[in-house]
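Worksheet for the structure shown next.
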Amino acid sequence: MTNLKWAMVGTGFMSTLILKDFALAAGTELVALVSRDVAKADARLAAEGIAAKALTFEQAIADPEIDVIYIGTPHASHFGLAKQALEAGKNVLVEKAFTMDAAEARELAAIAKQHNRFLMEAMWTKFQPMLIEVKRLVESGRIGKLKLVESSFGMNLPFDDSQRLFNFEQGGGSALDQGVYTATWAHWFADSKITKQITHGELFTNGSDASVHTTFEYENGTFGIALTSLVATLGFGGRLVGDTGSIEIVGQFWNTEEININGPFDGQDHPVENIKMPHKGAGYVHMIEAVNEAILAGNLESEQHPLSFTIEIMEILDEARRQINEP
């Protein structure tokens with residue numbers, strides 16, 4: 001298999017999680033870590049024991065050796081960096097949330113098409129082996145007709161406007177950091193058109209959203225509950241409920257390696273079925289490999305996670321924030 005050469009943009013939290021997974025992904029070579037401060041990138045590479053170049057963003061997009069740019073910087077920078085990379089002829093993977101709003105997402109999709117380059121949101125959840133199996137189980141009717149999809153992603157953290165997670169200008173807040181996961185979870189499994197969305201929440205003093213609690217009604221009769229918060233300990237659970245059984249996620253719903261299946265509930269004694277499927281590395285390997293396969297196949301999008309899905313999620317988050325700000 002041909003190796004694709006990658007550059008990771010950003011030396012913060014996301015790169016810490018992802019960097020070591022490149023070496024575990026087939027057909028992948030991490031050749032550069034990108035930062036405004038090249039010395040910082042050099043230090044990170046040395047600390048991780050990774051043999052790669054430390055480059056500025058401008059150097060990376062001009063480097064003919066680099067095939068794929070992975071943008072792992074704060075949300076507010078995603079659109080501008082992705083636009084520059086696409087226009088420079090690079091294939092691009094952008095961390096979630098993809099952009100600041102749906103308008104930016106639609107524009108990036110158009111730019112990628114114009115320049116004939118691959119573009120995808122880095123929603124690793126949809127590439128996790130255990131969750132792909134959960135999707136198969138739901139579609140097979142293992143828990144009957146799906147009635148309810150629910151997820152929670154919430155913790156109580158001390159507010160600090162200087163931190164990216166809270167800072168309004170950098171795209172901080174619960175919607176883009178946490179709501180992107182719960183909205184994706186609901187939309188992926190419901191697999192139907194939304195007929196009604198109701199969101200309640202609260203704001204920090206700087207305007208960032210502190211909590212985003214949304215319910216969805218879908219055309220196929222599925223009901224979704226998506227709860228996120230930076231001011232309440234909601235936990236990280238996920239559940240899928242059908243008319244004959246349910247699937248409970250063990251651990252964090254977005255990257256679980258274990259589930260419990262309950263039911264059918266027919267008056268008989270049915271033991272809980274426990275299934276475990278480990279992921280590779282920190283869990284990003286599967287997504288990286290899928291991006292490689294799509295690019296080498298000549299595809300401009302991922303069949304598993306197309307841009308149309310990402311745009312729909314950004315529209316959901318836009319509406320959620322509109323309802324919180326304009327009750």
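As shown in the structure tokens, the chain order sets the letters A, B, ...; within each chain, residues go from 1, and ligands are also counted from 1 in the order they appear.
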For Lys96 in chain A, please output as a tab-separated table (two decimals) with N, CA and C atoms, in the first residue's frame all residues within 7 Å (counting only C-alpha atoms; exclusion window: fewer than 2 positions along the same chain).
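The resulting selection_15.tsv:
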chain	number	residue	atom	x	y	z
A	94	VAL	N	-10.20	17.96	9.25
A	94	VAL	CA	-10.39	19.07	10.19
A	94	VAL	C	-11.04	18.55	11.47
A	98	PHE	N	-16.20	21.08	13.05
A	98	PHE	CA	-15.59	21.34	11.75
A	98	PHE	C	-15.30	22.82	11.52
A	121	GLU	N	-14.48	16.07	8.21
A	121	GLU	CA	-14.44	16.38	9.64
A	121	GLU	C	-13.90	15.16	10.38
A	122	ALA	N	-13.06	15.38	11.36
A	122	ALA	CA	-12.42	14.28	12.09
A	122	ALA	C	-13.33	13.71	13.18
A	123	MET	N	-14.50	13.23	12.77
A	123	MET	CA	-15.43	12.63	13.72
A	123	MET	C	-15.05	11.16	13.90
Task: Residue contacts of range 273-285 of chain A (6 Å, only C-alpha atoms) excluding same-chain residues fewer than 3 positions away, as a ChimeraX atom specification - done: /A:21,25,130,257-261,288
- [ ] Would you please extract all alpha helix (DSSP H) residues from range 74-302 of chain A, as assigned by DSSP on the backbone, and give them as an MDAnalysis selection string?
- [x] chainID A and resid 75:87 102:114 129:140 174 180:190 285:296
TODO: Mind giving me the straight-line distance from CA of Phe236 in chain A to CA of Trp254 in chain A in Å, one decimal?
DONE: 8.4 Å
Open item on the list: Just checking: using only C-alpha atoms, which residue out of A:Asp191, A:Glu326, A:Glu202, A:Asp269 ends up closest to Glu217 in chain A?
Closed with: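 When distances to Glu217 in chain A are compared using only C-alpha atoms, the smallest one comes from A:Asp191.
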Task: Within 6 Å of Thr244 in chain A using only C-alpha atoms, minus same-chain residues under 3 positions, as a PyMOL selection string - done: chain A and resi 143-144+264-265
Task: Nearest candidate to Ser151 in chain A (options A:Gln323, A:Thr11, A:Thr182, A:Asn206; using only C-alpha atoms) - done: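 Answer, going by the shortest atom-to-atom distance: A:Thr182.
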Open item on the list: List as a list in words the protein and nucleic acid residues near range 102-117 of chain A, meaning an atom at most 8 Å away when only C-alpha atoms are counted, but skip any in the same chain fewer than 5 places from it.
Closed with: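 Contacts, in chain order: Phe79, Ala82, Lys83, Leu86, Glu87, Gly89, Lys90, Asn91, Val92, Leu300, Leu307, Thr310, Ile311, Glu312, Met314, Glu315 and Asp318 of chain A.
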How would the residues just chosen look if you wrote them out with C-alpha atoms as a PDB file, in the first residue's frame?
ATOM      1  CA  PHE A  79     -12.046  27.615   8.352  1.00  0.00           C
ATOM      2  CA  ALA A  82      -8.528  24.533   5.884  1.00  0.00           C
ATOM      3  CA  LYS A  83      -9.235  27.044   3.103  1.00  0.00           C
ATOM      4  CA  LEU A  86      -7.205  23.195   0.119  1.00  0.00           C
ATOM      5  CA  GLU A  87      -6.243  26.088  -2.137  1.00  0.00           C
ATOM      6  CA  GLY A  89      -3.650  21.534  -3.197  1.00  0.00           C
ATOM      7  CA  LYS A  90      -3.626  19.547   0.046  1.00  0.00           C
ATOM      8  CA  ASN A  91      -6.137  16.968   1.225  1.00  0.00           C
ATOM      9  CA  VAL A  92      -7.552  18.086   4.567  1.00  0.00           C
ATOM     10  CA  LEU A 300     -13.099  13.484  -2.388  1.00  0.00           C
ATOM     11  CA  LEU A 307     -19.608  16.413   4.175  1.00  0.00           C
ATOM     12  CA  THR A 310     -21.132  17.389   8.818  1.00  0.00           C
ATOM     13  CA  ILE A 311     -23.070  20.324   7.382  1.00  0.00           C
ATOM     14  CA  GLU A 312     -26.291  18.982   8.901  1.00  0.00           C
ATOM     15  CA  MET A 314     -23.373  22.344  12.018  1.00  0.00           C
ATOM     16  CA  GLU A 315     -26.934  23.409  11.131  1.00  0.00           C
ATOM     17  CA  ASP A 318     -26.431  26.743  14.798  1.00  0.00           C
TER      18      ASP A 318
END
Task: Residue list (strand (DSSP E), DSSP) for range 20-131 of chain A, as a list of chain:residue names - done: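 Here is the list: A:Thr28, A:Glu29, A:Leu30, A:Val31, A:Ala32, A:Leu33, A:Val34, A:Lys53, A:Ala54, A:Leu55, A:Val68, A:Ile69, A:Tyr70, A:Ile71, A:Asn91, A:Val92, A:Leu93, A:Val94, A:Leu119, A:Met120, A:Glu121.
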TODO: Select, from A:Tyr181, A:Tyr218, A:Phe127, A:Phe223, the residue with the minimum atom-to-atom distance to Val149 in chain A, counting only C-alpha atoms.
DONE: A:Phe223
Task: One-decimal distance in Å that lies between CA of Met155 in chain A and CA of Lys196 in chain A - done: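 Atom-to-atom, CA of Lys196 in chain A to CA of Met155 in chain A, that is 26.9 Å.
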